[in-house]
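This is upload.txt (compact mmCIF, C-alpha atoms).
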```txt
# COMPACT_ATOMS: atom_id res chain seq x y z
CA MET A 1 29.88 10.29 19.35
CA SER A 2 26.30 9.30 20.15
CA HIS A 3 25.00 11.89 17.70
CA MET A 4 27.13 10.38 14.93
CA ASN A 5 25.77 6.94 15.78
CA GLU A 6 22.21 8.25 15.40
CA LEU A 7 23.17 9.52 11.96
CA LYS A 8 24.91 6.36 10.77
CA LYS A 9 22.59 3.69 12.12
CA GLY A 10 19.95 4.22 9.43
CA ILE A 11 22.50 3.70 6.68
CA PHE A 12 24.02 0.46 7.97
CA LYS A 13 22.95 -1.06 11.30
CA GLU A 14 19.22 -0.27 11.02
CA ASN A 15 18.84 0.21 7.28
CA PRO A 16 15.07 0.55 6.71
CA THR A 17 15.06 -1.55 3.53
CA PHE A 18 17.57 -4.34 4.11
CA ILE A 19 17.46 -4.71 7.90
CA ILE A 20 14.13 -3.44 9.28
CA MET A 21 12.27 -4.22 6.01
CA LEU A 22 10.00 -1.15 6.03
CA GLY A 23 8.63 0.86 3.11
CA MET A 24 8.41 -2.15 0.80
CA CYS A 25 5.50 -0.73 -1.23
CA PRO A 26 7.43 2.18 -2.82
CA THR A 27 10.54 0.02 -3.02
CA LEU A 28 8.73 -2.42 -5.29
CA GLY A 29 6.74 0.22 -7.15
CA VAL A 30 9.20 2.98 -8.06
CA SER A 31 12.54 1.19 -8.26
CA THR A 32 12.24 0.62 -12.02
CA GLN A 33 14.27 3.75 -12.83
CA VAL A 34 17.09 5.47 -10.97
CA SER A 35 15.50 8.93 -11.38
CA ASN A 36 12.28 7.70 -9.76
CA ALA A 37 14.22 6.17 -6.87
CA ILE A 38 16.14 9.40 -6.26
CA GLY A 39 12.93 11.44 -6.44
CA MET A 40 11.14 9.17 -3.96
CA GLY A 41 14.16 9.07 -1.67
CA ALA A 42 14.51 12.84 -1.62
CA SER A 43 10.79 13.18 -0.87
CA VAL A 44 11.03 10.72 2.03
CA ILE A 45 14.09 12.52 3.45
CA PHE A 46 12.27 15.87 3.35
CA VAL A 47 9.10 14.56 4.99
CA LEU A 48 10.95 12.42 7.54
CA PHE A 49 13.31 15.23 8.54
CA PHE A 50 10.69 17.91 9.16
CA SER A 51 8.03 15.61 10.62
CA ASN A 52 10.56 14.16 13.09
CA ILE A 53 11.54 17.67 14.18
CA VAL A 54 7.94 18.83 14.66
CA ILE A 55 6.86 15.65 16.44
CA SER A 56 9.89 15.80 18.74
CA MET A 57 9.11 19.43 19.58
CA LEU A 58 5.48 18.55 20.37
CA ARG A 59 6.14 15.19 22.06
CA LYS A 60 5.23 16.50 25.53
CA ILE A 61 2.16 18.33 24.27
CA ILE A 62 0.42 15.72 22.09
CA PRO A 63 -1.94 13.57 24.21
CA ASP A 64 -1.43 9.80 24.00
CA THR A 65 -5.05 9.28 22.96
CA VAL A 66 -4.56 11.19 19.68
CA ARG A 67 -0.89 10.45 19.16
CA ILE A 68 -1.09 8.54 15.85
CA PRO A 69 -3.71 10.84 14.24
CA SER A 70 -1.54 13.81 15.20
CA TYR A 71 1.49 12.22 13.56
CA ILE A 72 -0.49 11.63 10.38
CA VAL A 73 -1.64 15.26 10.27
CA VAL A 74 1.96 16.48 10.63
CA ILE A 75 3.28 14.04 8.04
CA ALA A 76 0.44 14.76 5.59
CA SER A 77 1.23 18.48 5.75
CA PHE A 78 4.82 17.94 4.63
CA VAL A 79 3.76 15.39 1.99
CA THR A 80 1.45 18.03 0.52
CA ILE A 81 4.38 20.47 0.36
CA VAL A 82 6.52 17.85 -1.42
CA GLU A 83 3.74 17.13 -3.92
CA MET A 84 3.36 20.81 -4.73
CA ILE A 85 7.13 21.27 -5.19
CA LEU A 86 7.51 18.23 -7.46
CA HIS A 87 4.40 19.11 -9.45
CA ALA A 88 5.71 22.65 -10.03
CA PHE A 89 9.41 22.00 -10.68
CA VAL A 90 9.82 18.31 -11.62
CA PRO A 91 6.52 17.27 -13.25
CA ALA A 92 8.05 14.20 -14.91
CA VAL A 93 9.07 12.74 -11.54
CA TYR A 94 5.71 13.76 -10.06
CA GLU A 95 3.89 11.80 -12.77
CA ALA A 96 6.24 8.82 -12.51
CA LEU A 97 5.83 8.47 -8.74
CA GLY A 98 2.06 8.63 -9.09
CA VAL A 99 0.06 7.24 -6.19
CA TYR A 100 3.21 6.32 -4.26
CA LEU A 101 3.85 9.99 -3.51
CA PRO A 102 0.71 10.64 -1.42
CA LEU A 103 1.17 7.21 0.16
CA ILE A 104 4.24 8.62 1.94
CA VAL A 105 1.69 9.78 4.52
CA VAL A 106 1.31 6.19 5.74
CA ASN A 107 4.86 5.06 4.94
CA CYS A 108 5.95 2.68 7.69
CA ILE A 109 9.40 4.24 7.87
CA ILE A 110 8.07 7.72 8.67
CA LEU A 111 5.32 6.62 11.05
CA GLY A 112 7.69 4.14 12.65
CA ARG A 113 10.39 6.73 13.35
CA ALA A 114 7.78 9.16 14.67
CA GLU A 115 6.43 6.60 17.14
CA ALA A 116 9.65 4.78 18.04
CA PHE A 117 12.12 7.66 18.08
CA ALA A 118 10.94 11.26 17.61
CA ASN A 119 8.27 10.80 20.28
CA LYS A 120 10.94 9.91 22.86
CA ASN A 121 14.05 11.90 21.92
CA THR A 122 15.37 15.43 21.51
CA VAL A 123 14.98 17.52 18.37
CA LEU A 124 18.65 17.15 17.41
CA ASP A 125 18.69 13.36 17.78
CA SER A 126 15.37 13.12 15.93
CA ALA A 127 16.72 15.22 13.06
CA LEU A 128 19.88 13.09 12.82
CA ASP A 129 17.82 9.92 12.98
CA ALA A 130 15.64 11.22 10.13
CA ILE A 131 18.65 12.07 7.95
CA GLY A 132 20.27 8.68 8.56
CA MET A 133 17.10 6.71 7.92
CA GLY A 134 16.20 8.82 4.88
CA VAL A 135 19.65 8.52 3.33
CA GLY A 136 19.72 4.79 4.06
CA PHE A 137 16.35 4.36 2.35
CA THR A 138 17.42 6.49 -0.63
CA LEU A 139 20.68 4.61 -1.14
CA SER A 140 18.92 1.24 -0.88
CA LEU A 141 16.16 2.28 -3.26
CA SER A 142 18.64 3.76 -5.75
CA LEU A 143 20.81 0.64 -5.68
CA ILE A 144 17.83 -1.61 -6.34
CA ALA A 145 16.64 0.70 -9.13
CA LEU A 146 20.10 0.83 -10.70
CA ILE A 147 20.40 -2.95 -10.85
CA ARG A 148 16.83 -3.41 -12.11
CA GLU A 149 17.10 -0.75 -14.79
CA VAL A 150 20.56 -1.77 -16.03
CA ILE A 151 19.71 -5.47 -16.26
CA GLY A 152 16.04 -5.12 -17.15
CA ALA A 153 16.22 -2.28 -19.68
CA GLY A 154 19.88 -1.65 -20.44
CA THR A 155 19.59 2.01 -19.50
CA ILE A 156 20.26 4.39 -16.61
CA THR A 157 17.70 7.17 -16.33
CA LEU A 158 18.81 10.33 -14.54
CA PHE A 159 17.44 13.87 -14.47
CA PRO A 160 17.85 15.78 -17.76
CA ILE A 161 20.32 18.69 -17.59
CA GLY A 162 20.71 21.07 -20.54
CA SER A 163 21.31 19.07 -23.71
CA PHE A 164 21.65 15.84 -21.72
CA SER A 165 18.42 13.85 -22.13
CA GLY A 166 18.92 12.05 -18.84
CA VAL A 167 19.02 8.57 -20.39
CA ILE A 168 22.28 6.61 -20.61
CA THR A 169 22.07 3.57 -22.89
CA ILE A 170 24.27 0.55 -22.19
CA PRO A 171 24.96 -1.05 -25.60
CA LEU A 172 25.04 -4.79 -24.93
CA LEU A 173 22.43 -4.85 -22.18
CA SER A 174 20.00 -2.63 -24.08
CA GLU A 175 19.97 -5.14 -26.95
CA SER A 176 19.18 -8.16 -24.75
CA PRO A 177 17.56 -6.95 -21.52
CA VAL A 178 16.24 -9.34 -18.87
CA ARG A 179 12.67 -8.01 -18.76
CA VAL A 180 11.62 -10.06 -15.73
CA ILE A 181 13.84 -7.86 -13.54
CA THR A 182 11.56 -4.89 -14.26
CA LEU A 183 8.55 -6.77 -12.83
CA ALA A 184 7.62 -6.93 -9.14
CA SER A 185 9.04 -10.46 -8.96
CA GLY A 186 12.34 -9.09 -10.26
CA ALA A 187 12.34 -6.45 -7.54
CA LEU A 188 11.87 -9.12 -4.88
CA LEU A 189 14.68 -11.18 -6.41
CA VAL A 190 17.10 -8.24 -6.41
CA MET A 191 16.10 -7.25 -2.88
CA GLY A 192 16.61 -10.80 -1.65
CA TYR A 193 20.17 -11.04 -2.97
CA LEU A 194 21.05 -7.55 -1.73
CA LYS A 195 19.61 -8.28 1.72
CA ALA A 196 21.63 -11.50 1.93
CA LEU A 197 24.78 -9.59 0.96
CA PHE A 198 23.99 -6.81 3.45
CA ILE A 199 23.48 -9.27 6.31
CA TYR A 200 26.66 -11.14 5.37
CA LYS A 201 28.71 -7.94 5.44
CA SER A 202 27.14 -6.86 8.75
CA THR A 203 27.87 -10.25 10.32
CA ARG A 204 31.48 -10.19 9.16
CA ARG A 205 31.89 -6.67 10.55
CA GLU A 206 30.52 -7.72 13.96
CA GLU A 207 32.76 -10.78 14.07
CA LYS A 208 35.84 -8.65 13.48
```

Whole structure given in structure tokens:
Amino acid sequence: MSHMNELKKGIFKENPTFIIMLGMCPTLGVSTQVSNAIGMGASVIFVLFFSNIVISMLRKIIPDTVRIPSYIVVIASFVTIVEMILHAFVPAVYEALGVYLPLIVVNCIILGRAEAFANKNTVLDSALDAIGMGVGFTLSLSLIALIREVIGAGTITLFPIGSFSGVITIPLLSESPVRVITLASGALLVMGYLKALFIYKSTRREEK
């Protein structure tokens, strides 16, 4: 049961976006389109999962004096792998994520889980923690992006498949979009309302 709790806590109880409030830079920067949010979320899950495993395996070997630099080296290695994969197979997402992709190296979620969890727990628990936190971040980012894109542009941008261009146009909203939602201020507004709703639901659940 404890393993399942490690997996679920990042999605609800310790959601990195709405509860812990980490990784705000990519949340504001790439949540303008759903495809960008999914691409960033998948990248964070990959890096978080493998870096947590490696750091947990080496937790008794890495000296305390070089702990943080060691984490950054491990994380940077997996970020480089992600960049190469996206650049080779999904160049559109690679270009859209831009500078936010290499900035995963210093993402507070990944460094925070390395220091607060992977450094103190087993490989299995660290892997489950990474999956939960990564999925929680991806769902949060995708939800914010969905609301911002639908209201701010009247579209939903997904990955193109075959003859499908990847762009779904919403008739009424595309004719009169609320452009402010696509700005950084719009992202903060959406995040604020979603965080309030998330806290309200969590409080009600605890009361019951």

- Query: What does the distance from CA of Ile61 (chain A) to CA of Leu124 (chain A) come to in Å, to one decimal?
  - Reply: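 Straight-line distance from CA of Ile61 (chain A) to CA of Leu124 (chain A) works out to 17.9 Å.
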
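Of the listed residues (A:Ser70, A:Thr138, A:Asn36, A:Thr155), A:Thr138 comes nearest to Ile11 (chain A); the distances count only C-alpha atoms.
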
- Query: Which neighbours of Leu139 (chain A) fall inside 9 Å, counting all atoms listed in the file, when residues of the same chain fewer than 6 positions from it are skipped, and could you give them as a PyMOL selection string?
  - Reply: chain A and resi 11+37-38+41

- When you draw a straight line from CA of Ile109 (chain A) to CA of Leu22 (chain A), how long is it in Å?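 According to the coordinates, CA of Ile109 (chain A) and CA of Leu22 (chain A) are separated by 5.7 Å.
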
- Query: Can you tell me, as a list in words, what residues are no more than 10 Å from Ser126 (chain A) when counting only C-alpha atoms, ignoring any on the same chain fewer than 5 positions away?
  - Reply: His3, Glu6, Leu7, Leu48, Phe49, Phe50, Ser51, Asn52, Ile53, Val54, Ile55, Ser56, Met57, Arg113, Ala114, Phe117, Ala118, Asn119, Lys120, Asn121, Ile131 and Gly132 of chain A

Residues of region 21-121 of chain A within 12 Å of region 161-168 of chain A: nearest atom pair and distance (Å, one decimal) for each, counting all atoms listed in the file, sorted by chain and number, as JSON lines?
```
{"residue": "A:Gln33", "atom": "CA", "partner": "A:Val167", "partner_atom": "CA", "distance": 10.1}
{"residue": "A:Val34", "atom": "CA", "partner": "A:Val167", "partner_atom": "CA", "distance": 10.1}
{"residue": "A:Ser35", "atom": "CA", "partner": "A:Gly166", "partner_atom": "CA", "distance": 8.8}
{"residue": "A:Ala92", "atom": "CA", "partner": "A:Gly166", "partner_atom": "CA", "distance": 11.8}
```

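Reported to one decimal place, the separation of CA of Leu101 (chain A) from CA of Pro16 (chain A) is 17.9 Å.
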
- Nearest to Phe137 (chain A) among A:Leu188, A:Ile110, A:Val150, A:Ala88, with distances taken over all atoms listed in the file: which residue is it?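 For Phe137 (chain A), the nearest of the candidates is A:Ile110.
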